[in-house]
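Q: Data: upload02.txt, compact mmCIF, C-alpha atoms (C1' of nucleotides).
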```
# COMPACT_ATOMS: atom_id res chain seq x y z
CA MET A 1 146.73 76.89 139.97
CA ALA A 2 146.10 73.14 139.81
CA THR A 3 148.23 70.42 141.39
CA PRO A 4 150.96 68.95 139.21
CA ALA A 5 148.92 65.79 138.62
CA ALA A 6 145.81 67.72 137.66
CA THR A 7 147.86 69.96 135.43
CA LEU A 8 149.29 66.95 133.69
CA ALA A 9 145.88 65.35 133.20
CA GLU A 10 144.49 68.63 131.96
CA LYS A 11 147.32 69.08 129.55
CA HIS A 12 146.79 65.61 128.12
CA ASP A 13 143.08 66.13 127.74
CA GLY A 14 143.80 69.37 126.01
CA ASP A 15 146.26 67.71 123.69
CA PHE A 16 143.80 65.01 122.78
CA GLN A 17 141.11 67.55 122.14
CA VAL A 18 143.34 69.69 119.98
CA ALA A 19 144.55 66.65 118.04
CA ALA A 20 140.98 65.47 117.44
CA ASP A 21 139.95 68.96 116.37
CA ARG A 22 142.81 69.17 113.91
CA ASP A 23 142.01 65.76 112.46
CA GLN A 24 138.37 66.70 112.02
CA LEU A 25 139.37 69.94 110.38
CA ARG A 26 141.66 68.07 107.99
CA LEU A 27 138.87 65.61 107.27
CA TRP A 28 136.48 68.43 106.51
CA LEU A 29 138.96 70.23 104.31
CA ARG A 30 139.68 67.08 102.34
CA MET A 31 135.98 66.41 101.91
CA LEU A 32 135.40 69.98 100.80
CA SER A 33 138.31 69.86 98.41
CA CYS A 34 137.24 66.59 96.77
CA THR A 35 133.71 67.83 96.34
CA MET A 36 134.80 71.17 94.96
CA VAL A 37 137.16 69.66 92.43
CA ILE A 38 134.47 67.36 91.07
CA ASP A 39 131.88 70.12 91.11
CA LYS A 40 134.16 72.42 89.16
CA LYS A 41 134.89 69.75 86.58
CA LEU A 42 131.20 69.10 86.08
CA ARG A 43 130.46 72.79 85.71
CA ALA A 44 133.32 73.26 83.28
CA MET A 45 132.13 70.33 81.18
CA LEU A 46 128.55 71.60 81.04
CA ALA A 47 129.76 75.06 80.07
CA ALA A 48 132.22 73.86 77.44
CA GLU A 49 130.13 71.14 75.81
CA PHE A 50 126.58 72.39 76.24
CA GLY A 51 126.82 76.08 77.06
CA THR A 52 124.80 75.52 80.19
CA THR A 53 125.34 75.52 83.93
CA LEU A 54 124.95 73.07 86.77
CA PRO A 55 121.92 74.81 88.30
CA ARG A 56 120.11 74.70 84.96
CA PHE A 57 121.03 71.06 84.54
CA ASP A 58 119.66 70.40 88.01
CA VAL A 59 116.36 72.01 87.07
CA LEU A 60 116.09 69.85 83.96
CA ALA A 61 116.96 66.77 86.01
CA ALA A 62 114.23 67.50 88.53
CA LEU A 63 111.69 68.09 85.79
CA GLU A 64 112.68 64.97 83.93
CA ARG A 65 111.55 62.93 86.92
CA ALA A 66 108.19 64.68 86.97
CA PRO A 67 106.59 64.40 83.53
CA ALA A 68 103.49 66.20 84.79
CA GLY A 69 105.61 69.18 85.79
CA LEU A 70 106.43 70.84 89.09
CA GLY A 71 105.44 74.09 90.74
CA MET A 72 108.05 76.71 91.44
CA GLY A 73 107.97 75.96 95.14
CA GLN A 74 108.34 72.22 94.61
CA LEU A 75 111.28 72.94 92.36
CA SER A 76 112.96 75.18 94.89
CA ARG A 77 112.52 72.61 97.64
CA ALA A 78 113.79 69.83 95.41
CA LEU A 79 116.97 71.71 94.53
CA LEU A 80 117.50 73.20 98.00
CA VAL A 81 117.76 76.70 96.62
CA SER A 82 115.77 79.77 97.46
CA ASN A 83 112.44 80.65 95.93
CA GLY A 84 113.69 83.76 94.21
CA ASN A 85 116.48 81.86 92.61
CA ILE A 86 114.17 79.44 90.84
CA THR A 87 112.32 82.33 89.27
CA ALA A 88 115.41 83.54 87.43
CA LEU A 89 116.56 80.05 86.53
CA VAL A 90 113.21 79.08 85.06
CA GLN A 91 112.88 82.37 83.20
CA ALA A 92 116.26 81.74 81.57
CA LEU A 93 115.29 78.19 80.62
CA VAL A 94 112.01 79.44 79.18
CA ARG A 95 113.90 81.95 77.04
CA GLU A 96 116.07 79.09 75.81
CA GLY A 97 113.02 76.98 75.02
CA GLN A 98 113.97 74.07 77.24
CA VAL A 99 111.13 74.52 79.66
CA GLU A 100 107.60 75.90 79.58
CA THR A 101 105.34 77.25 82.29
CA LEU A 102 101.59 76.83 82.41
CA PRO A 103 99.21 78.45 84.83
CA SER A 104 98.03 75.89 87.33
CA PRO A 105 94.42 74.95 86.62
CA VAL A 106 93.61 74.63 90.30
CA ASP A 107 95.47 77.56 91.88
CA ARG A 108 95.68 80.92 90.20
CA ARG A 109 98.80 81.85 92.22
CA ALA A 110 100.75 78.85 91.07
CA SER A 111 102.30 77.82 87.80
CA VAL A 112 103.50 74.48 86.55
CA VAL A 113 106.92 74.09 84.93
CA ARG A 114 107.47 71.32 82.41
CA LEU A 115 110.23 70.17 80.11
CA THR A 116 109.73 70.90 76.44
CA PRO A 117 110.73 68.18 73.98
CA ALA A 118 113.84 70.23 73.21
CA GLY A 119 114.62 70.44 76.91
CA ALA A 120 114.14 66.71 77.37
CA GLU A 121 116.52 65.99 74.52
CA ALA A 122 119.12 68.44 75.78
CA PHE A 123 118.86 66.90 79.22
CA ARG A 124 119.44 63.39 77.93
CA ALA A 125 122.65 64.44 76.23
CA GLN A 126 123.84 66.38 79.24
CA ALA A 127 122.95 63.63 81.68
CA GLY A 128 124.88 61.08 79.66
CA ARG A 129 128.05 63.14 79.84
CA HIS A 130 127.40 64.05 83.46
CA HIS A 131 127.07 60.46 84.57
CA GLY A 132 129.97 59.41 82.40
CA MET A 133 132.20 62.02 83.93
CA ILE A 134 131.28 60.92 87.43
CA ALA A 135 131.98 57.33 86.47
CA ASP A 136 135.40 58.40 85.21
CA LEU A 137 136.24 60.41 88.28
CA PHE A 138 135.29 57.56 90.62
CA ALA A 139 136.71 54.82 88.40
CA GLY A 140 139.73 54.39 90.69
CA LEU A 141 137.55 53.11 93.53
CA ASP A 142 136.49 49.50 93.48
CA ALA A 143 132.97 48.51 94.49
CA SER A 144 133.93 47.80 98.09
CA GLU A 145 135.71 51.12 98.52
CA ALA A 146 132.78 52.95 97.01
CA GLN A 147 130.46 51.17 99.39
CA THR A 148 132.65 52.01 102.38
CA LEU A 149 132.74 55.64 101.39
CA TYR A 150 128.99 55.65 100.87
CA ARG A 151 128.50 54.15 104.32
CA MET A 152 130.84 56.62 105.98
CA LEU A 153 129.02 59.50 104.34
CA GLY A 154 125.84 58.02 105.74
CA ARG A 155 127.46 58.19 109.17
CA VAL A 156 128.29 61.84 108.52
CA LYS A 157 124.66 62.50 107.63
CA MET A 158 123.58 60.91 110.88
CA SER A 159 126.17 62.81 112.84
CA ILE A 160 125.02 66.07 111.36
CA ALA A 161 121.41 65.27 112.15
CA ALA A 162 122.34 64.32 115.71
CA SER A 163 124.30 67.51 116.30
CA GLY A 164 122.56 70.62 117.56
CA ALA A 165 120.97 71.15 114.17
CA GLU A 166 117.82 73.11 113.44
CA PRO A 167 117.45 73.91 109.74
CA MET B 168 121.47 42.16 64.85
CA ALA B 169 123.66 40.15 67.23
CA THR B 170 123.26 36.43 67.98
CA PRO B 171 121.13 35.53 70.99
CA ALA B 172 124.24 34.68 73.04
CA ALA B 173 125.98 37.90 72.15
CA THR B 174 122.82 39.82 72.87
CA LEU B 175 122.56 38.21 76.26
CA ALA B 176 126.18 38.95 77.15
CA GLU B 177 125.77 42.49 75.95
CA LYS B 178 122.66 42.93 77.99
CA HIS B 179 124.37 41.74 81.13
CA ASP B 180 127.37 43.97 80.59
CA GLY B 181 124.99 46.81 80.07
CA ASP B 182 123.13 46.03 83.25
CA PHE B 183 126.33 45.92 85.28
CA GLN B 184 127.44 49.17 83.78
CA VAL B 185 124.16 50.89 84.45
CA ALA B 186 124.09 49.58 88.02
CA ALA B 187 127.64 50.80 88.66
CA ASP B 188 126.80 54.17 87.13
CA ARG B 189 123.78 54.54 89.34
CA ASP B 190 125.75 53.65 92.45
CA GLN B 191 128.45 56.13 91.60
CA LEU B 192 125.86 58.79 90.97
CA ARG B 193 124.26 58.08 94.33
CA LEU B 194 127.67 58.22 95.97
CA TRP B 195 128.39 61.56 94.36
CA LEU B 196 125.03 62.99 95.31
CA ARG B 197 125.45 61.91 98.91
CA MET B 198 128.94 63.40 99.02
CA LEU B 199 127.70 66.63 97.51
CA SER B 200 124.78 66.78 99.87
CA CYS B 201 126.89 66.21 103.01
CA THR B 202 129.38 68.82 101.94
CA MET B 203 126.71 71.35 101.05
CA VAL B 204 124.87 70.94 104.31
CA ILE B 205 128.02 71.51 106.36
CA ASP B 206 129.09 74.38 104.14
CA LYS B 207 125.72 76.07 104.55
CA LYS B 208 125.81 75.67 108.31
CA LEU B 209 129.26 77.21 108.49
CA ARG B 210 128.20 80.15 106.32
CA ALA B 211 125.05 80.68 108.33
CA MET B 212 127.03 80.66 111.58
CA LEU B 213 129.57 83.16 110.30
CA ALA B 214 126.82 85.43 109.05
CA ALA B 215 124.72 85.20 112.21
CA GLU B 216 127.48 85.43 114.80
CA PHE B 217 130.11 87.55 113.11
CA GLY B 218 128.39 89.27 110.20
CA THR B 219 130.97 87.87 107.85
CA THR B 220 131.18 85.29 105.10
CA LEU B 221 133.13 82.13 104.42
CA PRO B 222 135.30 83.65 101.66
CA ARG B 223 136.32 86.49 103.98
CA PHE B 224 137.06 84.02 106.73
CA ASP B 225 139.21 82.07 104.29
CA VAL B 226 141.19 85.18 103.44
CA LEU B 227 141.83 85.87 107.11
CA ALA B 228 142.82 82.23 107.63
CA ALA B 229 145.35 82.38 104.81
CA LEU B 230 146.81 85.63 106.11
CA GLU B 231 147.02 84.34 109.65
CA ARG B 232 149.47 81.71 108.45
CA ALA B 233 151.63 84.35 106.78
CA PRO B 234 152.53 87.03 109.32
CA ALA B 235 154.64 88.82 106.73
CA GLY B 236 151.64 89.13 104.45
CA LEU B 237 150.78 87.76 101.03
CA GLY B 238 150.48 89.25 97.57
CA MET B 239 147.14 89.29 95.82
CA GLY B 240 148.27 86.57 93.45
CA GLN B 241 149.53 84.35 96.24
CA LEU B 242 146.23 84.83 98.00
CA SER B 243 144.22 83.93 94.93
CA ARG B 244 146.27 80.80 94.36
CA ALA B 245 146.01 79.81 98.02
CA LEU B 246 142.22 80.08 98.02
CA LEU B 247 141.72 78.66 94.53
CA VAL B 248 139.66 81.61 93.42
CA SER B 249 140.14 83.97 90.54
CA ASN B 250 142.34 87.01 90.63
CA GLY B 251 139.53 89.46 90.20
CA ASN B 252 137.68 87.92 93.07
CA ILE B 253 140.46 88.56 95.57
CA THR B 254 140.46 92.23 94.67
CA ALA B 255 136.88 92.71 95.81
CA LEU B 256 137.30 90.51 98.87
CA VAL B 257 140.40 92.37 100.05
CA GLN B 258 138.83 95.74 99.35
CA ALA B 259 135.88 94.82 101.53
CA LEU B 260 138.14 93.61 104.33
CA VAL B 261 140.18 96.81 104.10
CA ARG B 262 137.00 98.84 104.45
CA GLU B 263 136.17 96.82 107.54
CA GLY B 264 139.64 97.37 108.98
CA GLN B 265 140.54 93.71 109.25
CA VAL B 266 143.26 93.79 106.67
CA GLU B 267 145.71 96.34 105.30
CA THR B 268 147.56 96.55 102.01
CA LEU B 269 151.03 97.95 101.59
CA PRO B 270 152.81 98.62 98.32
CA SER B 271 155.47 96.00 97.82
CA PRO B 272 158.91 97.52 98.37
CA VAL B 273 160.44 95.46 95.57
CA ASP B 274 157.75 95.49 92.87
CA ARG B 275 155.68 98.53 92.12
CA ARG B 276 152.95 96.40 90.50
CA ALA B 277 152.45 94.27 93.57
CA SER B 278 150.96 94.90 96.97
CA VAL B 279 151.20 93.01 100.21
CA VAL B 280 148.12 92.18 102.24
CA ARG B 281 148.42 91.74 105.99
CA LEU B 282 146.09 91.14 108.92
CA THR B 283 145.54 94.12 111.16
CA PRO B 284 145.43 93.45 114.91
CA ALA B 285 141.65 93.81 114.72
CA GLY B 286 141.56 91.30 111.89
CA ALA B 287 143.74 88.86 113.80
CA GLU B 288 141.47 89.07 116.81
CA ALA B 289 138.32 88.67 114.73
CA PHE B 290 139.85 85.67 113.03
CA ARG B 291 140.70 83.96 116.32
CA ALA B 292 137.10 84.25 117.48
CA GLN B 293 135.73 83.06 114.15
CA ALA B 294 138.19 80.19 113.88
CA GLY B 295 137.26 78.95 117.34
CA ARG B 296 133.60 78.74 116.42
CA HIS B 297 134.39 77.35 112.98
CA HIS B 298 136.47 74.51 114.36
CA GLY B 299 134.01 73.91 117.16
CA MET B 300 131.15 73.63 114.73
CA ILE B 301 133.05 71.13 112.63
CA ALA B 302 133.85 69.13 115.74
CA ASP B 303 130.15 69.09 116.60
CA LEU B 304 129.05 68.07 113.14
CA PHE B 305 131.54 65.20 113.02
CA ALA B 306 131.11 64.23 116.65
CA GLY B 307 129.04 61.18 115.72
CA LEU B 308 132.00 59.53 114.01
CA ASP B 309 134.53 57.72 116.17
CA ALA B 310 138.23 58.01 115.43
CA SER B 311 138.31 54.88 113.34
CA GLU B 312 135.36 55.91 111.20
CA ALA B 313 136.88 59.34 110.69
CA GLN B 314 140.11 57.73 109.62
CA THR B 315 138.32 55.40 107.21
CA LEU B 316 136.47 58.30 105.68
CA TYR B 317 139.68 60.30 105.42
CA ARG B 318 141.37 57.38 103.68
CA MET B 319 138.49 56.87 101.25
CA LEU B 320 138.54 60.53 100.36
CA GLY B 321 142.24 60.12 99.70
CA ARG B 322 141.32 57.34 97.29
CA VAL B 323 138.88 59.69 95.60
CA LYS B 324 141.62 62.29 95.23
CA MET B 325 143.84 59.68 93.60
CA SER B 326 141.04 58.51 91.37
CA ILE B 327 140.37 62.05 90.21
CA ALA B 328 144.03 62.60 89.50
CA ALA B 329 144.24 59.34 87.57
CA SER B 330 141.19 60.10 85.44
CA GLY B 331 141.58 61.99 82.20
CA ALA B 332 141.97 65.21 84.14
CA GLU B 333 143.41 68.47 82.89
CA PRO B 334 142.46 71.31 85.21
C1' DG C 335 169.22 101.18 75.87
C1' DG C 336 164.95 99.77 73.72
C1' DT C 337 161.50 96.50 72.87
C1' DC C 338 158.65 92.57 73.84
C1' DG C 339 156.67 89.02 76.30
C1' DA C 340 155.47 87.78 81.13
C1' DT C 341 153.48 89.17 85.49
C1' DA C 342 150.48 91.76 89.13
C1' DC C 343 146.54 93.60 89.56
C1' DT C 344 141.93 95.95 88.41
C1' DT C 345 137.66 96.48 86.02
C1' DC C 346 133.61 94.81 83.86
C1' DA C 347 129.76 91.88 82.34
C1' DA C 348 127.22 88.03 83.38
C1' DG C 349 125.47 84.43 86.24
C1' DC C 350 124.38 82.28 90.76
C1' DC C 351 122.66 82.70 95.39
C1' DT C 352 120.16 84.52 99.48
C1' DA C 353 117.18 87.07 102.62
C1' DA C 354 113.71 90.27 103.01
C1' DA C 355 109.93 92.88 101.34
C1' DC C 356 106.07 92.70 98.44
C1' DT C 357 101.67 91.16 95.69
C1' DA C 358 98.13 88.06 94.88
C1' DA C 359 95.36 84.17 95.83
C1' DT C 360 93.79 80.65 98.99
C1' DT C 361 92.05 78.70 103.16
C1' DC C 362 90.27 78.47 107.50
C1' DG C 363 87.93 80.03 111.81
C1' DG C 364 84.23 82.27 113.48
C1' DC D 365 80.22 85.37 104.51
C1' DC D 366 84.55 87.74 105.99
C1' DG D 367 88.78 88.81 107.95
C1' DA D 368 93.32 86.66 109.27
C1' DA D 369 96.88 83.66 108.56
C1' DT D 370 99.10 80.95 105.08
C1' DT D 371 100.98 79.99 100.76
C1' DA D 372 102.83 80.88 95.68
C1' DG D 373 105.60 83.55 93.38
C1' DT D 374 108.28 87.92 92.08
C1' DT D 375 111.32 91.69 92.98
C1' DT D 376 115.28 93.83 94.90
C1' DA D 377 119.66 94.73 97.23
C1' DG D 378 123.80 92.69 98.21
C1' DG D 379 127.57 89.32 97.99
C1' DC D 380 130.37 85.64 95.56
C1' DT D 381 132.45 83.94 91.33
C1' DT D 382 134.39 83.70 86.82
C1' DG D 383 136.55 84.96 82.43
C1' DA D 384 138.01 88.39 79.48
C1' DA D 385 139.84 92.82 78.60
C1' DG D 386 142.74 96.51 80.11
C1' DT D 387 146.80 99.01 82.66
C1' DA D 388 151.14 99.20 84.62
C1' DT D 389 155.45 97.23 85.62
C1' DC D 390 159.17 93.96 85.29
C1' DG D 391 162.72 91.33 83.20
C1' DA D 392 165.23 89.53 79.64
C1' DC D 393 167.02 89.60 75.29
C1' DC D 394 168.96 91.98 71.16
```
Since I need it in another form, could you write the structure as structure tokens?
A:
Amino acid sequence: MATPAATLAEKHDGDFQVAADRDQLRLWLRMLSCTMVIDKKLRAMLAAEFGTTLPRFDVLAALERAPAGLGMGQLSRALLVSNGNITALVQALVREGQVETLPSPVDRRASVVRLTPAGAEAFRAQAGRHHGMIADLFAGLDASEAQTLYRMLGRVKMSIAASGAEP
Amino acid sequence: MATPAATLAEKHDGDFQVAADRDQLRLWLRMLSCTMVIDKKLRAMLAAEFGTTLPRFDVLAALERAPAGLGMGQLSRALLVSNGNITALVQALVREGQVETLPSPVDRRASVVRLTPAGAEAFRAQAGRHHGMIADLFAGLDASEAQTLYRMLGRVKMSIAASGAEP
DNA sequence: GGTCGATACTTCAAGCCTAAACTAATTCGG
DNA sequence: CCGAATTAGTTTAGGCTTGAAGTATCGACC
């Protein structure tokens, strides 16, 4: 059993810690909730207006920035999803004619995925709505607020990297 | 064709608009990326240390706040997931003995889901690590930064609500 | 009291996602 | 040159998620 003074100090430390923990939890839950709401709206829009999905849109977006095409592995690293996932995604897009795969001329294991003209056109339409929707959803923030938020998220990135993190 | 002056004005408006769009897109992508990284770390921790998943943890968390138990519908509304999803989640947790379902005494359609003692204990351990991990990941932000971020996310919430939004 | 529209829940099909196991091709060290 | 380690990609088993269709019950109104 600690002395009364030590007990008091301990109790206060504990209180502070618990309060900080709760605040961080609330912060995380708010961040998660905001992100999820926007994410769901984007997915719903893509489904309703284009009959597609966010992962497929992401594939098109990555390919649009690489006119020469990307390998499956490059694609999976760019989108932060697993290798096996890309296979199915690309196969679906090939069936829909938005993407085509060519055997790599330099590596018989690898293949190169490229947008078809139809895919490029579909992407342009989808990207327009996508960006427009984001602009709408963030329209209530003025430029300075947006910048502050951007900076704070940068701090979060740094904090994550500084934490005991080994991905 | 517009007059030179009109063309110029138009061009500048367009530039501003495009610049704002790009900034908002970057903001969104950073927000999504931060959230996804944290989310993945939490899922990986729950899988590695407890052999469970975030959705199951969420179910336990909701039930822990309702000692009398919750109906399936209440649960699905609390977690913002579909009805059919809860069924599978609860069935899995029942198999694992962390949760039990009782027929509602007042409504023969409904059932009440409650934590078992084993589930309550598992949840306490998981919640401790969950909160601790969040504290770690946000440790690089001081109290004022955390508050600023929290406030900005509140602004985002308001902006979303104000936009042409019908969930 | 009977019927009809809500409500509680389950089932099913389809898509996304991952980790792990596998095949095939490449590259590098000796 | 040849075997070992690496790398590209696919397959598979398992879990999450939704939306739609289906079943049973409830409640309210005629």
Q: Which polymer residues have any atom within 12 Å of an atom of DA347 (chain C), counting only C-alpha atoms (C1' of nucleotides), with same-chain residues fewer than 2 positions away left out, as a CSV table (one decimal) with C-alpha atoms (C1' of nucleotides), keeping the file's coordinate frame?
A:
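Final file, part-v8.csv:
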```csv
chain,number,residue,atom,x,y,z
C,345,DT,C1',137.7,96.5,86.0
C,349,DG,C1',125.5,84.4,86.2
D,382,DT,C1',134.4,83.7,86.8
D,383,DG,C1',136.6,85.0,82.4
D,384,DA,C1',138.0,88.4,79.5
D,385,DA,C1',139.8,92.8,78.6
```
Q: Find the residue from D:DG378, D:DG391, D:DG386, D:DG367 that sits nearest to DC346 (chain C); use only C-alpha atoms (C1' of nucleotides) when measuring.
A: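 The shortest atom-to-atom distance to DC346 (chain C) comes from D:DG386.
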Q: What are the residues of chain B lining chain A at 8 Å or less? Count all atoms listed in the file, and put the answer as an MDAnalysis selection string.
A: chainID B and resid 188 191:192 194:195 197:199 201:202 205 298:299 301:308 312:313 315:317 319:327 329:331 334
Q: Please identify all residues of chain C having at least one atom at most 12 Å from any atom of chain B, considering all atoms listed in the file, and return them as a list of chain:residue names.
A: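 Only these qualify: C:DT341, C:DA342, C:DC343, C:DT344, C:DT345, C:DC346, C:DC351, C:DT352, C:DA353.
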Q: May I have the residues at most 12 Å from (118.0, 97.4, 97.2) in the file's coordinates, counting all atoms listed in the file, as a list in words?
A: DA353, DA354 and DA355 of chain C; DT375, DT376, DA377 and DG378 of chain D
Q: Take the residues from that selection and put them in a file with C-alpha atoms (C1' of nucleotides), as a PDB file, in the coordinates of the input.
A:
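The result, written out as result.pdb:
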```pdb
ATOM      1  C1'  DA C 353     117.180  87.070 102.620  1.00  0.00           C
ATOM      2  C1'  DA C 354     113.710  90.270 103.010  1.00  0.00           C
ATOM      3  C1'  DA C 355     109.930  92.880 101.340  1.00  0.00           C
TER       4       DA C 355
ATOM      5  C1'  DT D 375     111.320  91.690  92.980  1.00  0.00           C
ATOM      6  C1'  DT D 376     115.280  93.830  94.900  1.00  0.00           C
ATOM      7  C1'  DA D 377     119.660  94.730  97.230  1.00  0.00           C
ATOM      8  C1'  DG D 378     123.800  92.690  98.210  1.00  0.00           C
TER       9       DG D 378
END
```
Q: Using all atoms listed in the file, find which residues of chain D lie within 8 Å of chain A and jot them down as a list in words.
A: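 Listed by rising number, the hits are DA372, DG373 and DT374 of chain D.
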Q: Restricting it to C-alpha atoms (C1' of nucleotides), dump the selection as a short mmCIF file (atom, residue, chain, number, x, y, z; two decimals), in the frame of the given file.
A:
```
data_model
loop_
_atom_site.label_atom_id
_atom_site.label_comp_id
_atom_site.auth_asym_id
_atom_site.auth_seq_id
_atom_site.Cartn_x
_atom_site.Cartn_y
_atom_site.Cartn_z
"C1'" DA D 372 102.83 80.88 95.68
"C1'" DG D 373 105.60 83.55 93.38
"C1'" DT D 374 108.28 87.92 92.08
#
```
Q: Let me know the centre plus edge lengths, in Å and rounded to one decimal, of a box with edges along x, y and z that contains all listed atoms of region 203-211 of chain B and is padded by 5 Å on every side, as JSON.
A:
```
{"center_x": 127.1, "center_y": 75.8, "center_z": 104.8, "size_x": 14.4, "size_y": 19.7, "size_z": 17.4}
```
Q: Mind pulling up the distance from CA of Arg296 (chain B) to CA of Ala233 (chain B)?
A: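 CA of Arg296 (chain B) lies 21.2 Å from CA of Ala233 (chain B).
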Q: Could you please determine the separation between CA of Leu60 (chain A) and C1' of DC350 (chain C) in Å, to one decimal place?
A: 16.4 Å
Q: Please, what distance in Å, to one decimal, runs between CA of Val266 (chain B) and C1' of DA348 (chain C)?
A: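 Interatomic distance here is 28.9 Å.
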Q: Name the residues, using the chain letters and numbers of the file, that sit within 12 Å of (140.6, 86.4, 103.0) when counting only C-alpha atoms (C1' of nucleotides), and give them as a PyMOL selection string.
A: chain B and resi 219-233+236-239+241-248+252-261+265-267+280-282+286-287+290
Q: Need to verify the contact set: DC338 (chain C), 12 Å, only C-alpha atoms (C1' of nucleotides), exclusion of same-chain residues closer than 6 positions in sequence. Can you return it as a list in words?
A: DC390, DG391, DA392, DC393 and DC394 of chain D
